[in-house]
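K.L.:
I am attaching a structure below and will ask some questions about it afterwards.
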Amino acid sequence: MTGDRPISEDDLHAFLDGVLEESRRDAVRRYLDTHPEAQERFAAYREHGEALRNALAPVSDQPLPAELNLKALVERRRKTLAGRRQMAAAAAILCIGGLSGWMGREAVSPPARGIQALGREAVDNYVVYASDTRRPVELASDQRATLTRWVSDRLDTPVQPPDLEGAGYRFLGGRLVTTPNGPAALFIYEGAAAERLAVMMRPMEIEKNRSMSEQSYGALDGVTWSRDGLGFSVVAPRASTDLLPVAEDVRRQTPFS
């Protein structure tokens, strides 16, 4: 019974990194909702991770020497194994932990990349950031221009936070977030009753042109679509608003979508 297993620090770290198994995610969300001290600890983990990424930013884009390319090493080793030996090697790689563990997981089980994955990634980031009462955004609304340049540069495509004042949502700000499929832009809004709404955008490798679809994730609802290689997902608490008109508003403000 996976759902009955107590939540561990490993679960929190895996959830933060976006690698927690599907069957555990709802349990972690419920745990965070009912344990304020765990929410604070989780927020600290996230801030430490962001500080580390910022510290490594000057060298993060430099090419890795071929002899140290972990992905290539894993791929070569995978090709030399067969049957149970292959699975054992993959499990050993996963046990290394950190970056090597995640890279090993990718080598044997690539992450889902389509519309359904985008919707789930948006919900996961909503749970982590939109529910944070202290620091839901990295750059606030008064830094809209800086935020727009930052996320557009990192996504290598022009994106900007849509104006949802007409739908009753005030723009709080946004941030760059990580997903199993690369970086994404997350913009967060707040309604009149202090309810939060998030709009996430990221490039799509597959399902580059998909019509809008509605999803339900427990207490959250979402609308997800893609156009010309860019994916969009709007997430908000269930029954807080009709998301389809909001999603249409977002789409109207992104002409290429």
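Residues are named by chain letter and number: chains run A, B, ... in the order of the structure tokens, numbers start at 1 in each chain, and ligands are numbered from 1 in the order shown.
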Kindly provide the residues of range 108-213 of chain A that approach range 40-47 of chain A to within 10 Å, each paired with its closest atom pair and their distance in Å to one decimal, based on only C-alpha atoms, listed by chain and increasing number, as JSON lines.
P.N.:
{"residue": "A:Val128", "atom": "CA", "partner": "A:Ala43", "partner_atom": "CA", "distance": 8.0}
{"residue": "A:Tyr129", "atom": "CA", "partner": "A:Ala43", "partner_atom": "CA", "distance": 8.7}
{"residue": "A:Asp132", "atom": "CA", "partner": "A:Ala43", "partner_atom": "CA", "distance": 7.8}
{"residue": "A:Arg134", "atom": "CA", "partner": "A:Ala43", "partner_atom": "CA", "distance": 9.2}
{"residue": "A:Arg135", "atom": "CA", "partner": "A:Ala43", "partner_atom": "CA", "distance": 8.7}
{"residue": "A:Pro136", "atom": "CA", "partner": "A:Ala43", "partner_atom": "CA", "distance": 9.8}
K.L.:
Just want the 7 Å neighbourhood of range 162-173 of chain A, counted on only C-alpha atoms, with same-chain residues fewer than 3 positions away dropped. Output as a PDB file with N, CA and C atoms, in the first residue's frame.
P.N.:
ATOM      1  N   VAL A 137       6.634  33.793  -5.857  1.00  0.00           N
ATOM      2  CA  VAL A 137       7.277  34.172  -7.124  1.00  0.00           C
ATOM      3  C   VAL A 137       8.723  34.561  -6.873  1.00  0.00           C
ATOM      4  N   LEU A 139      10.328  36.805  -9.260  1.00  0.00           N
ATOM      5  CA  LEU A 139      10.304  38.208  -9.670  1.00  0.00           C
ATOM      6  C   LEU A 139       8.854  38.695  -9.611  1.00  0.00           C
ATOM      7  N   ALA A 140       8.626  39.798  -8.904  1.00  0.00           N
ATOM      8  CA  ALA A 140       7.269  40.290  -8.678  1.00  0.00           C
ATOM      9  C   ALA A 140       6.753  41.057  -9.899  1.00  0.00           C
ATOM     10  N   SER A 141       5.495  41.462  -9.807  1.00  0.00           N
ATOM     11  CA  SER A 141       4.833  42.105 -10.944  1.00  0.00           C
ATOM     12  C   SER A 141       5.521  43.388 -11.382  1.00  0.00           C
ATOM     13  N   PHE A 187       3.759  31.686 -14.233  1.00  0.00           N
ATOM     14  CA  PHE A 187       3.215  32.988 -13.859  1.00  0.00           C
ATOM     15  C   PHE A 187       2.061  32.771 -12.877  1.00  0.00           C
ATOM     16  N   ILE A 188       2.050  33.527 -11.802  1.00  0.00           N
ATOM     17  CA  ILE A 188       1.071  33.312 -10.725  1.00  0.00           C
ATOM     18  C   ILE A 188       0.212  34.558 -10.542  1.00  0.00           C
ATOM     19  N   TYR A 189      -1.094  34.326 -10.340  1.00  0.00           N
ATOM     20  CA  TYR A 189      -2.085  35.394 -10.212  1.00  0.00           C
ATOM     21  C   TYR A 189      -2.910  35.152  -8.943  1.00  0.00           C
ATOM     22  N   GLU A 190      -3.593  36.210  -8.489  1.00  0.00           N
ATOM     23  CA  GLU A 190      -4.433  36.096  -7.297  1.00  0.00           C
ATOM     24  C   GLU A 190      -5.777  36.758  -7.557  1.00  0.00           C
ATOM     25  N   GLY A 191      -6.849  36.049  -7.163  1.00  0.00           N
ATOM     26  CA  GLY A 191      -8.195  36.563  -7.343  1.00  0.00           C
ATOM     27  C   GLY A 191      -8.666  37.385  -6.166  1.00  0.00           C
ATOM     28  N   ALA A 192      -9.906  37.863  -6.256  1.00  0.00           N
ATOM     29  CA  ALA A 192     -10.455  38.741  -5.222  1.00  0.00           C
ATOM     30  C   ALA A 192     -10.539  38.055  -3.869  1.00  0.00           C
ATOM     31  N   VAL A 246     -10.768  31.806 -19.023  1.00  0.00           N
ATOM     32  CA  VAL A 246      -9.444  32.313 -18.671  1.00  0.00           C
ATOM     33  C   VAL A 246      -8.406  31.779 -19.655  1.00  0.00           C
ATOM     34  N   VAL A 250      -5.894  33.768 -22.212  1.00  0.00           N
ATOM     35  CA  VAL A 250      -4.448  33.551 -22.353  1.00  0.00           C
ATOM     36  C   VAL A 250      -4.093  33.316 -23.814  1.00  0.00           C
ATOM     37  N   GLN A 253      -3.998  36.360 -26.029  1.00  0.00           N
ATOM     38  CA  GLN A 253      -2.868  37.259 -25.798  1.00  0.00           C
ATOM     39  C   GLN A 253      -1.538  36.689 -26.260  1.00  0.00           C
TER      40      GLN A 253
END
K.L.:
Counting only C-alpha atoms, which of A:Met201, A:Leu118, A:Val235, A:Ala112 gets nearest to Arg154 in chain A?
P.N.:
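Selected residue with least distance to Arg154 in chain A: A:Met201.
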K.L.:
Mind the document's chain letters and residue numbers, and return as number ranges by chain the residues of range 81-241 of chain A that DSSP labels strand (DSSP E).
P.N.:
A: 139-140, 170-179, 182-190, 196-203, 210-217, 220-227, 230-237
K.L.:
Which residues, written as a list in words, have at least one atom at most 9 Å from Pro237 in chain A, with only C-alpha atoms counted and residues fewer than 4 positions away on the same chain left out?
P.N.:
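Here the qualifying residues turn out to be Glu195, Arg196, Leu197, Ala219, Leu220, Asp221, Gly222 and Thr241 of chain A.
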K.L.:
Which of these residues is nearest to Ala236 in chain A, using only C-alpha atoms: A:Thr148, A:Ser211, A:Asn125, A:Thr254?
P.N.:
A:Asn125
K.L.:
With only C-alpha atoms as the atoms that count, which of A:Pro158, A:Pro203, A:Pro245, A:Gly182 lies nearest to Leu230 in chain A?
P.N.:
A:Pro203
K.L.:
Check the smallest atom-to-atom distance from each of A:Ile115, A:Asp156, A:Ser240, A:Ala38 to Glu207 in chain A using only C-alpha atoms, then report the winner.
P.N.:
A:Ile115
K.L.:
What separation in Å, quoted to one decimal, exists between CA of Glu37 in chain A and CA of Ile7 in chain A?
P.N.:
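Distance reported for this atom pair: 13.4 Å.
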K.L.:
Need to verify the contact set: Thr179 in chain A, 9 Å, only C-alpha atoms, exclusion of same-chain residues closer than 5 positions in sequence. Can you return it as an mmCIF file with N, CA, C and O atoms, in the first residue's frame?
P.N.:
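Written file, result39.cif:
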data_model
loop_
_atom_site.group_PDB
_atom_site.id
_atom_site.type_symbol
_atom_site.label_atom_id
_atom_site.label_comp_id
_atom_site.auth_asym_id
_atom_site.auth_seq_id
_atom_site.Cartn_x
_atom_site.Cartn_y
_atom_site.Cartn_z
ATOM 1 N N ASP A 17 12.196 17.625 -6.871
ATOM 2 C CA ASP A 17 12.979 17.432 -8.101
ATOM 3 C C ASP A 17 12.129 16.970 -9.270
ATOM 4 O O ASP A 17 12.635 16.838 -10.391
ATOM 5 N N GLY A 18 10.828 16.687 -9.019
ATOM 6 C CA GLY A 18 9.959 16.248 -10.104
ATOM 7 C C GLY A 18 10.163 14.806 -10.500
ATOM 8 O O GLY A 18 9.802 14.404 -11.610
ATOM 9 N N LEU A 118 2.520 17.758 -19.451
ATOM 10 C CA LEU A 118 2.518 19.205 -19.219
ATOM 11 C C LEU A 118 1.498 19.588 -18.150
ATOM 12 O O LEU A 118 1.791 20.387 -17.244
ATOM 13 N N GLU A 121 2.811 18.528 -14.752
ATOM 14 C CA GLU A 121 3.919 19.385 -14.327
ATOM 15 C C GLU A 121 3.401 20.730 -13.813
ATOM 16 O O GLU A 121 3.907 21.258 -12.813
ATOM 17 N N ALA A 122 2.391 21.268 -14.484
ATOM 18 C CA ALA A 122 1.816 22.544 -14.043
ATOM 19 C C ALA A 122 1.185 22.409 -12.662
ATOM 20 O O ALA A 122 1.332 23.287 -11.799
ATOM 21 N N ASN A 125 3.929 22.129 -9.949
ATOM 22 C CA ASN A 125 4.539 23.420 -9.640
ATOM 23 C C ASN A 125 3.560 24.353 -8.944
ATOM 24 O O ASN A 125 3.965 25.179 -8.106
ATOM 25 N N ALA A 184 10.544 25.711 -17.625
ATOM 26 C CA ALA A 184 9.219 26.236 -17.958
ATOM 27 C C ALA A 184 9.038 27.569 -17.252
ATOM 28 O O ALA A 184 9.669 27.846 -16.225
#
K.L.:
Can you tell me how far CA of Leu186 in chain A sits from CA of Tyr31 in chain A, in Å to one decimal?
P.N.:
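Straight-line distance from CA of Leu186 in chain A to CA of Tyr31 in chain A works out to 23.3 Å.
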K.L.:
Check the smallest atom-to-atom distance from each of A:Leu243, A:Ile206, A:Ala198, A:Ala27 to Ser131 in chain A using only C-alpha atoms, then report the winner.
P.N.:
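When distances to Ser131 in chain A are compared using only C-alpha atoms, the smallest one comes from A:Ala198.
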K.L.:
Name the residues in contact with Glu21 in chain A at a cut-off of 10 Å, using only C-alpha atoms, excluding same-chain residues fewer than 5 positions from it; report them as a list in words.
P.N.:
Asp11, Ala14 and Phe15 of chain A
K.L.:
Just write the chosen residues, all heavy atoms, as an mmCIF file, in the first residue's frame.
P.N.:
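As a result, selection-v9.cif now contains:
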data_model
loop_
_atom_site.group_PDB
_atom_site.id
_atom_site.type_symbol
_atom_site.label_atom_id
_atom_site.label_comp_id
_atom_site.auth_asym_id
_atom_site.auth_seq_id
_atom_site.Cartn_x
_atom_site.Cartn_y
_atom_site.Cartn_z
ATOM 1 N N ASP A 11 11.004 11.389 0.045
ATOM 2 C CA ASP A 11 9.798 11.705 -0.734
ATOM 3 C C ASP A 11 9.735 13.205 -1.043
ATOM 4 O O ASP A 11 9.412 13.603 -2.163
ATOM 5 C CB ASP A 11 8.537 11.296 0.036
ATOM 6 C CG ASP A 11 8.356 9.794 0.101
ATOM 7 O OD1 ASP A 11 8.723 9.117 -0.875
ATOM 8 O OD2 ASP A 11 7.843 9.303 1.114
ATOM 9 N N ALA A 14 12.351 14.097 -3.661
ATOM 10 C CA ALA A 14 11.974 13.576 -4.975
ATOM 11 C C ALA A 14 10.822 14.384 -5.567
ATOM 12 O O ALA A 14 10.784 14.659 -6.769
ATOM 13 C CB ALA A 14 11.584 12.098 -4.869
ATOM 14 N N PHE A 15 9.877 14.796 -4.719
ATOM 15 C CA PHE A 15 8.762 15.624 -5.193
ATOM 16 C C PHE A 15 9.274 16.973 -5.689
ATOM 17 O O PHE A 15 8.862 17.464 -6.737
ATOM 18 C CB PHE A 15 7.773 15.814 -4.045
ATOM 19 C CG PHE A 15 6.529 16.567 -4.427
ATOM 20 C CD1 PHE A 15 5.536 15.964 -5.176
ATOM 21 C CD2 PHE A 15 6.344 17.890 -4.050
ATOM 22 C CE1 PHE A 15 4.386 16.655 -5.533
ATOM 23 C CE2 PHE A 15 5.203 18.590 -4.403
ATOM 24 C CZ PHE A 15 4.224 17.964 -5.143
#
K.L.:
Looking at A:Gly218, A:Arg120, A:Arg175, A:Arg144, which one is nearest to Arg30 in chain A, with distances taken over only C-alpha atoms?
P.N.:
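Among A:Gly218, A:Arg120, A:Arg175, A:Arg144, it is A:Gly218 that comes nearest to Arg30 in chain A.
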K.L.:
Mind checking which residues fall within 9 Å of Glu205 in chain A, counting only C-alpha atoms, ignoring those fewer than 5 positions away in the same chain, and posting them as an MDAnalysis selection string?
P.N.:
chainID A and resid 113:114 181 229:230
K.L.:
For all heavy atoms, I'd like the residues from the last selection saved as a tab-separated table (two decimals), in the first residue's frame.
P.N.:
chain	number	residue	atom	x	y	z
A	113	ARG	N	6.27	13.24	-22.23
A	113	ARG	CA	6.60	14.55	-22.77
A	113	ARG	C	5.40	15.30	-23.35
A	113	ARG	O	5.52	16.46	-23.72
A	113	ARG	CB	7.66	14.41	-23.87
A	113	ARG	CG	9.00	13.88	-23.36
A	113	ARG	CD	9.97	13.71	-24.52
A	113	ARG	NE	9.52	12.68	-25.43
A	113	ARG	CZ	10.03	12.46	-26.65
A	113	ARG	NH1	11.00	13.25	-27.08
A	113	ARG	NH2	9.58	11.49	-27.41
A	114	GLY	N	4.24	14.67	-23.47
A	114	GLY	CA	3.12	15.28	-24.15
A	114	GLY	C	2.25	16.15	-23.27
A	114	GLY	O	2.64	16.61	-22.20
A	181	ASN	N	10.95	17.71	-18.44
A	181	ASN	CA	11.12	18.00	-19.86
A	181	ASN	C	11.81	19.34	-20.10
A	181	ASN	O	11.68	19.93	-21.17
A	181	ASN	CB	9.76	17.98	-20.55
A	181	ASN	CG	9.17	16.58	-20.59
A	181	ASN	OD1	9.66	15.73	-21.33
A	181	ASN	ND2	8.16	16.33	-19.79
A	229	GLY	N	4.56	24.35	-31.14
A	229	GLY	CA	5.68	23.91	-30.32
A	229	GLY	C	5.76	24.50	-28.93
A	229	GLY	O	6.74	24.26	-28.22
A	230	LEU	N	4.78	25.28	-28.51
A	230	LEU	CA	4.77	25.83	-27.16
A	230	LEU	C	3.52	25.34	-26.43
A	230	LEU	O	2.41	25.43	-26.95
A	230	LEU	CB	4.78	27.36	-27.19
A	230	LEU	CG	4.97	28.06	-25.83
A	230	LEU	CD1	6.34	27.72	-25.25
A	230	LEU	CD2	4.84	29.57	-25.98
